[in-house]
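Peer 1: The structure is given below, and queries will be raised subsequently.
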Amino acid sequence: MQLSAAPYEERLTAPRSWWLISFLVGVSLALILLPFGTLPMLAGLAGGTAAAAVVASSYGSARIRVVGGHLLAGEARIPVSALGEAEVLDADEARAWRTHKADPRCFMLLRAYIPGALRVDVTDPADPTPYVFLSTREPERLARALRAAKDAAAA
């Protein structure tokens, strides 16, 4: 796969507080298993913490990349030639586009714990998706990478 002119990669990792919550899930399971003895309690602590950590890690494993003339966002793979202008959204505008302004046909890679977002119109007439909504910590940088990839594809 050929790299784009301005490569971009971001992993939408879960916030640090989720790891504390994972530990607290393990503590809760340990307390539930406490009447059965020390060994089941320790197994509950380890197992509960590990299971909750796996869930937090898998939810935070979504990635956004601009590579080889394509936008890769989670499971979506969209050629940059099928994308229109990118609109950088601040926290309030992103919240509006996640809720009352949202079109049910759009593609969303949504992480509510990330305040910023990017909305990119889909210009392909064969695609019923009107736009792509991406939660991102660096919306300006992603918009620049998409612009550079479109310029490189046009050249």
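Within each chain, counting starts at residue 1; across the structure tokens, chains are named A, B, ... in the order shown, with ligands numbered 1 upward in that order.
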As a PyMOL selection string, please: the residues near Val66 (chain A) (cut-off 12 Å, only C-alpha atoms, same-chain neighbours under 3 positions excluded).

Peer 2: chain A and resi 1-10+63+69-74+76-80+141-150+152

Peer 1: Using only C-alpha atoms, can you tell me which of A:Tyr59, A:Asp90, A:Ile64, A:Glu75 comes closest to Leu134 (chain A)?

Peer 2: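 Answer, going by the shortest atom-to-atom distance: A:Ile64.
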
Peer 1: When you draw a straight line from CA of Gly26 (chain A) to CA of Ala46 (chain A), how long is it in Å?

Peer 2: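 Taking CA of Gly26 (chain A) as the start and CA of Ala46 (chain A) as the end point, the length is 6.4 Å.
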
Peer 1: Have a look at CA of Arg137 (chain A) and CA of Pro115 (chain A) and let me know their distance in Å, one decimal.

Peer 2: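 Straight-line distance from CA of Arg137 (chain A) to CA of Pro115 (chain A) works out to 7.4 Å.
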